[in-house]
Amino acid sequence: MKSTFWDRFAKSYDKNSSINEELLNLIRSYSMPDFEVLEIGTATGEMILSLAPYFAKGIGIDYSEMMIKEAEKKIKPDNITFKVEDATNLSFADESFDLIFTISTLHVINPLEDVLTSIHRVLKQKGTFIAIVPIVNHNWFKAQFEKSVMKSLKFNNYDVEEYISCFEECHFMILDHFTSIDKKSEIFIIKR
Ligand SMILES: C[S@@+](CC[C@H](N)C(=O)[O-])C[C@H]1O[C@@H](n2cnc3c(N)ncnc32)[C@H](O)[C@@H]1O
């Protein structure tokens, strides 16, 4: 999927999404005041901006220039930076981050192994990676519809077990995983 696909959603992105308090509190609970934090697929930056008081330095990356342009328009604390970057080829030095998180983004990146390898490289030895991925609807009919939409957009359509295999193949260790309260996402707590 080209970055320009996402550019067209940038201007209206915040109108169609809101901060998920469960995810905010969860990520916050893994953060420390001295941490350097990276968000993969930050879009217009809402989540990392909301988390800014809870770490030392945060970087939000997205490969859509328009998304980052919208993020840059917002009031930004000094400890937050936004960058246009492809998650499959991150420019940061090895072992740069204490905490990396990504929400609703891994399923749109192909191949998944490339982004996981990149995240593994820039995560510190004892760092934490929080991966939040959408899961298909529990209702069979809605699930079939969602799967066909995902397929037509060439998004990954992995189930939880397939994600676990991918994380393990990329040398990550899964500490825990569970379904979000709204049952729309699976949350993986991962170590290097
Ligand atoms: C479905 S949106 C999710 C955005 C945000 N995390 C959220 O929860 O609303 C996926 C985002 O991933 C970005 N993205 C897709 N492929 C990417 C890649 N290879 N590198 C960096 N960002 C990417 C898109 O531009 C888009 O902003």
# chains A, B, ... in the order shown; residues from 1 in each chain; ligands from 1
>>> closest_atom_pairs(of="chain A", to="ligand 1", cutoff="9 Å", atoms="only C-alpha atoms and all ligand atoms", output="tab-separated table")
residue	atom	partner	partner_atom_place_in_ligand_line	distance
A:Met1	CA	ligand 1	16 (N)	7.0
A:Lys2	CA	ligand 1	16 (N)	7.6
A:Ser3	CA	ligand 1	25 (O)	5.7
A:Thr4	CA	ligand 1	25 (O)	8.0
A:Phe5	CA	ligand 1	25 (O)	7.7
A:Trp6	CA	ligand 1	25 (O)	4.8
A:Asp7	CA	ligand 1	25 (O)	7.0
A:Phe9	CA	ligand 1	27 (O)	8.4
A:Ala10	CA	ligand 1	27 (O)	7.8
A:Tyr13	CA	ligand 1	9 (O)	7.9
A:Asp14	CA	ligand 1	9 (O)	8.5
A:Ser17	CA	ligand 1	9 (O)	6.6
A:Ser18	CA	ligand 1	9 (O)	8.1
A:Ile19	CA	ligand 1	9 (O)	8.5
A:Asn20	CA	ligand 1	8 (O)	8.9
A:Glu39	CA	ligand 1	6 (N)	7.9
A:Ile40	CA	ligand 1	21 (C)	6.2
A:Gly41	CA	ligand 1	12 (O)	3.8
A:Thr42	CA	ligand 1	6 (N)	4.7
A:Ala43	CA	ligand 1	27 (O)	3.7
A:Thr44	CA	ligand 1	27 (O)	7.3
A:Gly45	CA	ligand 1	5 (C)	7.7
A:Glu46	CA	ligand 1	9 (O)	8.1
A:Met47	CA	ligand 1	8 (O)	7.7
A:Ile61	CA	ligand 1	21 (C)	6.3
A:Asp62	CA	ligand 1	22 (N)	3.7
A:Tyr63	CA	ligand 1	21 (C)	4.1
A:Ser64	CA	ligand 1	25 (O)	4.5
A:Glu65	CA	ligand 1	25 (O)	8.1
A:Met66	CA	ligand 1	25 (O)	8.6
A:Met67	CA	ligand 1	27 (O)	6.2
A:Ile68	CA	ligand 1	27 (O)	8.5
A:Val84	CA	ligand 1	21 (C)	7.6
A:Glu85	CA	ligand 1	21 (C)	5.7
A:Asp86	CA	ligand 1	20 (N)	3.6
A:Ala87	CA	ligand 1	20 (N)	3.7
A:Thr88	CA	ligand 1	19 (N)	5.6
A:Asn89	CA	ligand 1	20 (N)	8.1
A:Leu90	CA	ligand 1	20 (N)	8.6
A:Thr102	CA	ligand 1	6 (N)	6.1
A:Ile103	CA	ligand 1	6 (N)	4.4
A:Ser104	CA	ligand 1	3 (C)	4.8
A:Thr105	CA	ligand 1	10 (C)	4.4
A:Leu106	CA	ligand 1	12 (O)	7.7
A:His107	CA	ligand 1	1 (C)	8.3
A:Val108	CA	ligand 1	15 (C)	5.7
A:Ile109	CA	ligand 1	16 (N)	5.0
A:Asn110	CA	ligand 1	19 (N)	7.7
A:Val115	CA	ligand 1	19 (N)	7.4
A:Ile132	CA	ligand 1	8 (O)	8.7
>>> select_by_dssp(residues="stretch 64-183 of chain A", states="strand (DSSP E)", output="ChimeraX atom specification")
/A:80-84,97-103,123-134,173-179
>>> write_last_selection(atoms="N, CA and C atoms", output="short mmCIF file (atom, residue, chain, number, x, y, z; two decimals), in the first residue's frame")
data_model
loop_
_atom_site.label_atom_id
_atom_site.label_comp_id
_atom_site.auth_asym_id
_atom_site.auth_seq_id
_atom_site.Cartn_x
_atom_site.Cartn_y
_atom_site.Cartn_z
N ILE A 80 7.98 16.01 22.17
CA ILE A 80 7.37 15.22 21.07
C ILE A 80 7.90 15.68 19.72
N THR A 81 8.26 14.70 18.88
CA THR A 81 8.67 14.99 17.50
C THR A 81 7.88 14.08 16.57
N PHE A 82 7.58 14.58 15.38
CA PHE A 82 6.95 13.74 14.36
C PHE A 82 7.90 13.62 13.18
N LYS A 83 7.89 12.44 12.55
CA LYS A 83 8.78 12.21 11.40
C LYS A 83 8.07 11.39 10.34
N VAL A 84 8.33 11.72 9.09
CA VAL A 84 7.87 10.87 8.00
C VAL A 84 8.90 9.75 7.85
N PHE A 97 15.01 2.80 21.80
CA PHE A 97 13.76 3.08 22.51
C PHE A 97 13.47 2.09 23.66
N ASP A 98 12.92 2.67 24.76
CA ASP A 98 12.52 1.85 25.91
C ASP A 98 11.14 1.24 25.67
N LEU A 99 10.32 1.97 24.93
CA LEU A 99 8.94 1.53 24.70
C LEU A 99 8.55 1.88 23.27
N ILE A 100 8.04 0.88 22.55
CA ILE A 100 7.52 1.12 21.20
C ILE A 100 6.08 0.63 21.19
N PHE A 101 5.19 1.44 20.65
CA PHE A 101 3.81 0.96 20.53
C PHE A 101 3.25 1.25 19.14
N THR A 102 2.28 0.45 18.76
CA THR A 102 1.64 0.63 17.46
C THR A 102 0.19 0.20 17.57
N ILE A 103 -0.69 1.03 17.03
CA ILE A 103 -2.13 0.77 17.14
C ILE A 103 -2.74 0.70 15.73
N LEU A 123 14.49 -1.36 19.32
CA LEU A 123 14.02 -1.51 20.71
C LEU A 123 15.21 -1.89 21.60
N LYS A 124 15.28 -1.26 22.79
CA LYS A 124 16.36 -1.60 23.72
C LYS A 124 16.22 -3.04 24.20
N GLN A 125 17.33 -3.62 24.66
CA GLN A 125 17.34 -5.02 25.12
C GLN A 125 16.21 -5.34 26.08
N LYS A 126 15.99 -4.45 27.06
CA LYS A 126 14.93 -4.72 28.05
C LYS A 126 13.66 -3.93 27.74
N GLY A 127 13.58 -3.43 26.51
CA GLY A 127 12.44 -2.59 26.14
C GLY A 127 11.16 -3.39 25.96
N THR A 128 10.05 -2.66 25.90
CA THR A 128 8.73 -3.27 25.72
C THR A 128 8.13 -2.79 24.40
N PHE A 129 7.49 -3.74 23.71
CA PHE A 129 6.79 -3.44 22.46
C PHE A 129 5.32 -3.78 22.69
N ILE A 130 4.46 -2.78 22.55
CA ILE A 130 3.01 -3.02 22.68
C ILE A 130 2.40 -2.95 21.28
N ALA A 131 1.90 -4.09 20.83
CA ALA A 131 1.31 -4.17 19.49
C ALA A 131 -0.19 -4.37 19.63
N ILE A 132 -0.95 -3.43 19.08
CA ILE A 132 -2.42 -3.51 19.17
C ILE A 132 -2.95 -3.66 17.75
N VAL A 133 -3.57 -4.80 17.50
CA VAL A 133 -4.01 -5.11 16.12
C VAL A 133 -5.52 -5.34 16.12
N PRO A 134 -6.19 -4.91 15.06
CA PRO A 134 -7.64 -5.16 15.00
C PRO A 134 -7.93 -6.63 14.79
N MET A 173 9.51 -12.06 22.36
CA MET A 173 8.93 -12.96 23.36
C MET A 173 7.61 -12.33 23.84
N ILE A 174 6.53 -13.07 23.71
CA ILE A 174 5.23 -12.51 24.08
C ILE A 174 4.98 -12.76 25.56
N LEU A 175 4.86 -11.66 26.32
CA LEU A 175 4.64 -11.78 27.77
C LEU A 175 3.17 -12.03 28.07
N ASP A 176 2.32 -11.41 27.27
CA ASP A 176 0.88 -11.50 27.53
C ASP A 176 0.13 -11.06 26.29
N HIS A 177 -1.06 -11.56 26.11
CA HIS A 177 -1.95 -10.97 25.09
C HIS A 177 -3.39 -11.16 25.52
N PHE A 178 -4.22 -10.19 25.17
CA PHE A 178 -5.62 -10.21 25.59
C PHE A 178 -6.44 -9.33 24.65
N THR A 179 -7.74 -9.55 24.69
CA THR A 179 -8.65 -8.78 23.82
C THR A 179 -9.09 -7.51 24.55
#
>>> select_by_dssp(residues="stretch 11-156 of chain A", states="helix (DSSP H, G or I)", output="number ranges by chain")
A: 13-16, 21-29, 46-54, 65-72, 87-89, 106-108, 112-122, 140-152
>>> atom_distance(atom1="atom CA of A:Leu112", atom2="atom CA of A:Phe167")
9.3 Å
>>> closest_residue(among="A:Leu49, A:Tyr54, A:Lys154, A:Lys15", to="A:Ser29", atoms="only C-alpha atoms")
A:Tyr54
>>> residues_around(residues="A:Asp159", least_positions_apart="4", cutoff="9 Å", atoms="only C-alpha atoms", output="JSON list (two decimals) with N, CA and C atoms, in the first residue's frame")
[["chain", "number", "residue", "atom", "x", "y", "z"],
["A", 135, "ILE", "N", -9.00, -7.10, 15.40],
["A", 135, "ILE", "CA", -9.40, -8.49, 15.16],
["A", 135, "ILE", "C", -10.79, -8.49, 14.53],
["A", 136, "VAL", "N", -11.06, -9.52, 13.74],
["A", 136, "VAL", "CA", -12.33, -9.51, 13.01],
["A", 136, "VAL", "C", -13.50, -9.74, 13.96],
["A", 163, "TYR", "N", -0.38, -13.98, 14.33],
["A", 163, "TYR", "CA", 0.44, -12.88, 14.84],
["A", 163, "TYR", "C", 1.50, -13.41, 15.80],
["A", 164, "ILE", "N", 1.08, -14.31, 16.68],
["A", 164, "ILE", "CA", 2.04, -14.86, 17.66],
["A", 164, "ILE", "C", 3.21, -15.51, 16.92]]
